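The file structure.pdb contains PDB, C-alpha atoms:
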MODEL        1
ATOM      1  CA  GLN A 467       0.000   0.000   0.000
ATOM      2  CA  VAL A 468       1.375   3.381  -1.006
ATOM      3  CA  GLN A 469       0.715   6.307   1.290
ATOM      4  CA  LEU A 470       1.195   9.986   0.543
ATOM      5  CA  VAL A 471       1.436  12.682   3.187
ATOM      6  CA  GLU A 472       1.420  16.368   2.297
ATOM      7  CA  SER A 473       2.880  19.112   4.449
ATOM      8  CA  GLY A 474       3.804  22.758   4.211
ATOM      9  CA  GLY A 475       0.416  24.398   3.861
ATOM     10  CA  GLY A 476      -0.547  27.484   5.828
ATOM     11  CA  LEU A 477      -1.833  31.033   5.814
ATOM     12  CA  VAL A 478       0.164  33.577   3.835
ATOM     13  CA  GLN A 479      -0.347  36.999   2.338
ATOM     14  CA  ALA A 480      -0.700  37.623  -1.363
ATOM     15  CA  GLY A 481       2.675  37.765  -3.066
ATOM     16  CA  ALA A 482       4.297  35.369  -0.638
ATOM     17  CA  SER A 483       5.899  32.009  -1.387
ATOM     18  CA  LEU A 484       5.244  28.578   0.029
ATOM     19  CA  THR A 485       6.640  25.119  -0.671
ATOM     20  CA  LEU A 486       4.539  22.012  -0.235
ATOM     21  CA  SER A 487       6.073  18.587   0.301
ATOM     22  CA  CYS A 488       4.629  15.159  -0.376
ATOM     23  CA  ALA A 489       6.278  12.208   1.343
ATOM     24  CA  VAL A 490       5.594   8.928  -0.433
ATOM     25  CA  SER A 491       5.893   5.576   1.297
ATOM     26  CA  ALA A 492       6.548   3.565  -1.834
ATOM     27  CA  ARG A 493       9.296   0.981  -2.045
ATOM     28  CA  THR A 494      10.389   2.425  -5.366
ATOM     29  CA  PHE A 495       9.138   5.979  -5.758
ATOM     30  CA  GLY A 496      11.026   6.223  -9.008
ATOM     31  CA  ILE A 497       8.366   4.275 -10.890
ATOM     32  CA  TYR A 498       5.544   6.604  -9.912
ATOM     33  CA  ALA A 499       4.595   9.680 -11.891
ATOM     34  CA  GLY A 500       3.386  12.450  -9.609
ATOM     35  CA  GLY A 501       0.942  15.293  -9.603
ATOM     36  CA  TRP A 502      -0.494  18.099  -7.547
ATOM     37  CA  PHE A 503      -4.155  19.037  -7.557
ATOM     38  CA  ARG A 504      -6.198  21.523  -5.581
ATOM     39  CA  GLN A 505      -9.785  21.995  -4.537
ATOM     40  CA  ALA A 506     -11.291  25.279  -3.479
ATOM     41  CA  PRO A 507     -14.558  25.411  -1.490
ATOM     42  CA  GLY A 508     -17.532  24.669  -3.688
ATOM     43  CA  LEU A 509     -15.403  23.798  -6.690
ATOM     44  CA  GLU A 510     -14.195  20.604  -8.289
ATOM     45  CA  ARG A 511     -10.684  19.311  -7.840
ATOM     46  CA  GLU A 512      -8.433  20.826 -10.477
ATOM     47  CA  PHE A 513      -5.068  19.972 -11.930
ATOM     48  CA  VAL A 514      -2.094  22.092 -10.856
ATOM     49  CA  ALA A 515       1.108  20.366 -11.979
ATOM     50  CA  ALA A 516       2.469  16.965 -12.938
ATOM     51  CA  ILE A 517       5.882  15.380 -13.245
ATOM     52  CA  SER A 518       7.212  12.203 -14.843
ATOM     53  CA  PHE A 519       8.731   9.465 -12.717
ATOM     54  CA  SER A 520      12.273  10.519 -13.586
ATOM     55  CA  GLY A 521      11.515  14.193 -13.097
ATOM     56  CA  ASP A 522      12.647  15.164 -16.584
ATOM     57  CA  THR A 523       9.207  16.190 -17.808
ATOM     58  CA  SER A 524       6.668  18.443 -16.140
ATOM     59  CA  TYR A 525       3.429  20.142 -17.040
ATOM     60  CA  TYR A 526       1.449  22.980 -15.482
ATOM     61  CA  ALA A 527      -2.017  24.417 -15.485
ATOM     62  CA  ASP A 528      -2.107  27.792 -17.209
ATOM     63  CA  SER A 529      -3.212  29.444 -13.975
ATOM     64  CA  VAL A 530       0.045  28.567 -12.207
ATOM     65  CA  LYS A 531       2.532  28.467 -15.068
ATOM     66  CA  GLY A 532       5.537  30.649 -14.308
ATOM     67  CA  ARG A 533       4.690  30.851 -10.590
ATOM     68  CA  PHE A 534       4.693  27.211  -9.435
ATOM     69  CA  THR A 535       7.416  24.601  -9.858
ATOM     70  CA  ILE A 536       6.974  20.884  -9.350
ATOM     71  CA  SER A 537      10.006  18.765  -8.514
ATOM     72  CA  ARG A 538      10.927  15.484  -6.893
ATOM     73  CA  ASN A 539      13.757  13.750  -5.083
ATOM     74  CA  ASN A 540      13.443  10.016  -5.699
ATOM     75  CA  ARG A 541      16.137   9.196  -3.161
ATOM     76  CA  LYS A 542      14.089  10.919  -0.483
ATOM     77  CA  ASN A 543      10.744   9.624  -1.808
ATOM     78  CA  THR A 544       9.479  13.168  -1.819
ATOM     79  CA  MET A 545       7.722  15.425  -4.285
ATOM     80  CA  TYR A 546       7.537  19.206  -3.970
ATOM     81  CA  LEU A 547       5.448  22.106  -5.175
ATOM     82  CA  GLN A 548       7.178  25.448  -4.909
ATOM     83  CA  MET A 549       4.626  28.229  -5.095
ATOM     84  CA  MET A 550       5.628  31.838  -5.650
ATOM     85  CA  THR A 551       3.719  35.078  -6.020
ATOM     86  CA  LEU A 552       0.684  33.520  -4.428
ATOM     87  CA  LYS A 553      -2.725  34.997  -5.143
ATOM     88  CA  PRO A 554      -5.979  34.795  -3.165
ATOM     89  CA  GLU A 555      -7.383  32.584  -5.929
ATOM     90  CA  ASP A 556      -4.704  29.991  -5.084
ATOM     91  CA  THR A 557      -6.531  29.357  -1.818
ATOM     92  CA  ALA A 558      -7.481  25.682  -1.713
ATOM     93  CA  VAL A 559      -6.705  22.309  -0.242
ATOM     94  CA  TYR A 560      -3.751  20.904  -2.149
ATOM     95  CA  TYR A 561      -3.420  17.188  -2.806
ATOM     96  CA  CYS A 562      -0.517  15.189  -4.134
ATOM     97  CA  ALA A 563      -1.078  12.046  -6.151
ATOM     98  CA  ALA A 564       0.982   9.193  -7.564
ATOM     99  CA  LYS A 565       0.536   6.814 -10.451
ATOM    100  CA  LYS A 566       2.579   3.711 -11.024
ATOM    101  CA  THR A 567       3.991   3.730 -14.530
ATOM    102  CA  TYR A 568       6.808   2.237 -16.527
ATOM    103  CA  SER A 569       6.665   4.928 -19.181
ATOM    104  CA  SER A 570       9.418   7.477 -18.933
ATOM    105  CA  GLY A 571       8.790  11.098 -19.807
ATOM    106  CA  ILE A 572       5.060  10.760 -19.224
ATOM    107  CA  TYR A 573       2.962  12.919 -16.925
ATOM    108  CA  TYR A 574      -0.734  12.795 -16.110
ATOM    109  CA  SER A 575      -3.119  15.711 -15.674
ATOM    110  CA  ASP A 576      -6.387  13.809 -15.233
ATOM    111  CA  PRO A 577      -7.112  13.035 -11.569
ATOM    112  CA  GLY A 578      -8.828   9.821 -12.638
ATOM    113  CA  GLN A 579      -5.510   8.471 -13.851
ATOM    114  CA  TYR A 580      -3.905   8.482 -10.415
ATOM    115  CA  ASP A 581      -3.770   5.471  -8.127
ATOM    116  CA  TYR A 582      -2.876   7.049  -4.782
ATOM    117  CA  TRP A 583      -3.730  10.301  -3.037
ATOM    118  CA  GLY A 584      -2.684  12.197   0.038
ATOM    119  CA  GLN A 585      -5.081  13.654   2.577
ATOM    120  CA  GLY A 586      -4.438  17.254   1.512
ATOM    121  CA  THR A 587      -2.886  20.339   3.032
ATOM    122  CA  ARG A 588      -4.673  23.662   3.208
ATOM    123  CA  VAL A 589      -3.255  26.813   1.668
ATOM    124  CA  THR A 590      -4.923  30.134   2.396
ATOM    125  CA  VAL A 591      -3.777  33.306   0.690
ATOM    126  CA  SER A 592      -5.076  36.555   2.133
ATOM    127  CA  SER A 593      -5.338  39.736   0.105
TER     128      SER A 593
ENDMDL
END

Here is a file; write its structure as C-alpha cells.
Amino acid sequence: QVQLVESGGGLVQAGASLTLSCAVSARTFGIYAGGWFRQAPGLEREFVAAISFSGDTSYYADSVKGRFTISRNNRKNTMYLQMMTLKPEDTAVYYCAAKKTYSSGIYYSDPGQYDYWGQGTRVTVSS
C-alpha cells in the first residue's frame, strides 16, 4: 500500500511564497509519476502540476505556469510544489497524487488516472 502525506500548507499573504512537500511511502518511488491538484470550497478538484517518474518532464495548469514549480527527489521519496507570487485565488486544499507507470517522460493531468492520493494540506492566501 502506497501512502502519501502532504505538508507545508498554511496562511500567507498575497505575493508570498510557500513550498509544499509530499512524502511517499513507496518501495520504489522512481516508478511513480506524480501530480499536484487543488480543490477550493464549492469547486471541483483541479489539476495544478504533474511530473514524470524521472523528473525530466513536467506540465502545469495555465493558472500557475511561471509561478509554481513541481520537482521530486526520488532518493528521499518526496515530491515538492514550490509556489511563488501567491494569489488569493490559489486558496485551496492541495493534494498530491501518484501513479505507477513504466513509461518514462510521461505525466498525467487527469485526476482519474492516479492510483494514490494524500489527505491534503490547506493553503490560504489573504489579500

Which neighbours of Thr557 (chain A) fall inside 6 Å, counting only C-alpha atoms, when residues of the same chain fewer than 3 positions from it are skipped, and could you give them as a PyMOL selection string? chain A and resi 554+589-591

Report the centre and edge lengths, in Å to one decimal, of an axis-aligned box enclosing every atom of region 561-572 of chain A listed in the file, padded by 8 Å on each side, as AutoDock Vina command-line options.
--center_x 3.0 --center_y 9.7 --center_z -11.3 --size_x 28.8 --size_y 31.0 --size_z 33.0

Could you list the residues chosen by the PyMOL selection byres ((chain A and resi 555) around 12) in this structure as a PyMOL selection string? chain A and resi 479-481+504-507+509+529-530+551-554+556-559+589-593

If you count only C-alpha atoms, the residue of A:Phe513, A:Phe519, A:Gly571, A:Gln469 closest to Ala499 (chain A) turns out to be A:Phe519

Quick one: distance from CA of Phe495 (chain A) to CA of Asp528 (chain A) in Å, one decimal?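 CA of Asp528 (chain A) lies at a distance of 27.1 Å from CA of Phe495 (chain A).
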
Return the single residue from A:Val468, A:Met549, A:Ile497, A:Ile536 that is closest to Lys566 (chain A), with distances computed using all atoms listed in the file.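 Of the candidates, the smallest distance to Lys566 (chain A) is held by A:Ile497.
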
Length of the CA of Gly501 (chain A) to CA of Val478 (chain A) vector [Å]: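 Rounded to one decimal, the two atoms are 22.7 Å apart.
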
Restricting the calculation to only C-alpha atoms, which member of A:Cys562, A:Tyr574, A:Gln467, A:Tyr568 is positioned closest to Arg588 (chain A)?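 Answer, going by the shortest atom-to-atom distance: A:Cys562.
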
Which residue out of A:Ile572, A:Leu486, A:Ala564, A:Leu547 has the minimum interatomic distance to Asp522 (chain A) when only C-alpha atoms are used? A:Ile572

If we count all atoms listed in the file and set the cut-off at 8 Å, which residues sit around Ala489 (chain A), ignoring sequence neighbours fewer than 6 positions away in its own chain? Please answer as a list in words.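 Once the adjacent positions are removed, what remains is Leu470, Val471, Glu472, Asn543, Thr544 and Met545 of chain A.
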
Interatomic distance (Å, one decimal) between CA of Gln579 (chain A) and CA of Ser483 (chain A):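 According to the coordinates, CA of Gln579 (chain A) and CA of Ser483 (chain A) are separated by 29.0 Å.
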
What residues have an atom no more than 12 Å from (7.2, 25.9, -8.1) in the file's own frame, counting only C-alpha atoms, and can you write them as a ChimeraX atom specification? /A:483-487,502,514-517,524-527,530-538,545-552

Could you tell me which residues the PyMOL selection byres ((chain A and resi 581) around 9) returns for this structure, as a ChimeraX atom specification? /A:563-566,577-580,582-583

Using all atoms listed in the file, which of A:Thr567, A:Tyr573, A:Tyr561, A:Tyr498 sits nearest Gly475 (chain A)?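 Comparing A:Thr567, A:Tyr573, A:Tyr561, A:Tyr498 against Gly475 (chain A), the winner is A:Tyr561.
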
Just checking: using all atoms listed in the file, which residue out of A:Gly584, A:Thr523, A:Cys488, A:Asn539 ends up closest to Ser569 (chain A)?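 Selected residue with least distance to Ser569 (chain A): A:Thr523.
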
Write region 526-544 of chain A as a compact mmCIF listing (two decimals), in the coordinates of the input, completed to N, CA and C atoms.
# COMPACT_ATOMS: atom_id res chain seq x y z
N TYR A 526 2.13 22.10 -16.42
CA TYR A 526 1.45 22.98 -15.48
C TYR A 526 0.11 23.47 -16.03
N ALA A 527 -0.79 23.73 -15.11
CA ALA A 527 -2.02 24.42 -15.48
C ALA A 527 -1.66 25.86 -15.85
N ASP A 528 -2.39 26.42 -16.77
CA ASP A 528 -2.11 27.79 -17.21
C ASP A 528 -2.16 28.78 -16.05
N SER A 529 -3.02 28.51 -15.09
CA SER A 529 -3.21 29.44 -13.98
C SER A 529 -2.00 29.54 -13.05
N VAL A 530 -1.12 28.55 -13.11
CA VAL A 530 0.04 28.57 -12.21
C VAL A 530 1.37 28.60 -12.96
N LYS A 531 1.31 28.51 -14.26
CA LYS A 531 2.53 28.47 -15.07
C LYS A 531 3.36 29.72 -14.83
N GLY A 532 4.65 29.53 -14.58
CA GLY A 532 5.54 30.65 -14.31
C GLY A 532 5.61 31.04 -12.85
N ARG A 533 4.68 30.54 -12.03
CA ARG A 533 4.69 30.85 -10.59
C ARG A 533 4.97 29.60 -9.73
N PHE A 534 4.52 28.45 -10.18
CA PHE A 534 4.69 27.21 -9.44
C PHE A 534 5.74 26.33 -10.13
N THR A 535 6.45 25.56 -9.32
CA THR A 535 7.42 24.60 -9.86
C THR A 535 7.26 23.27 -9.14
N ILE A 536 7.06 22.22 -9.91
CA ILE A 536 6.97 20.88 -9.35
C ILE A 536 8.34 20.22 -9.49
N SER A 537 8.73 19.47 -8.47
CA SER A 537 10.01 18.76 -8.51
C SER A 537 9.90 17.52 -7.64
N ARG A 538 10.93 16.70 -7.70
CA ARG A 538 10.93 15.48 -6.89
C ARG A 538 12.35 15.07 -6.57
N ASN A 539 12.49 14.34 -5.48
CA ASN A 539 13.76 13.75 -5.08
C ASN A 539 13.47 12.27 -4.84
N ASN A 540 13.79 11.44 -5.80
CA ASN A 540 13.44 10.02 -5.70
C ASN A 540 14.22 9.30 -4.59
N ARG A 541 15.37 9.82 -4.25
CA ARG A 541 16.14 9.20 -3.16
C ARG A 541 15.46 9.44 -1.82
N LYS A 542 14.78 10.58 -1.72
CA LYS A 542 14.09 10.92 -0.48
C LYS A 542 12.60 10.57 -0.54
N ASN A 543 12.16 9.97 -1.64
CA ASN A 543 10.74 9.62 -1.81
C ASN A 543 9.84 10.82 -1.55
N THR A 544 10.22 11.95 -2.09
CA THR A 544 9.48 13.17 -1.82
C THR A 544 9.25 13.96 -3.10
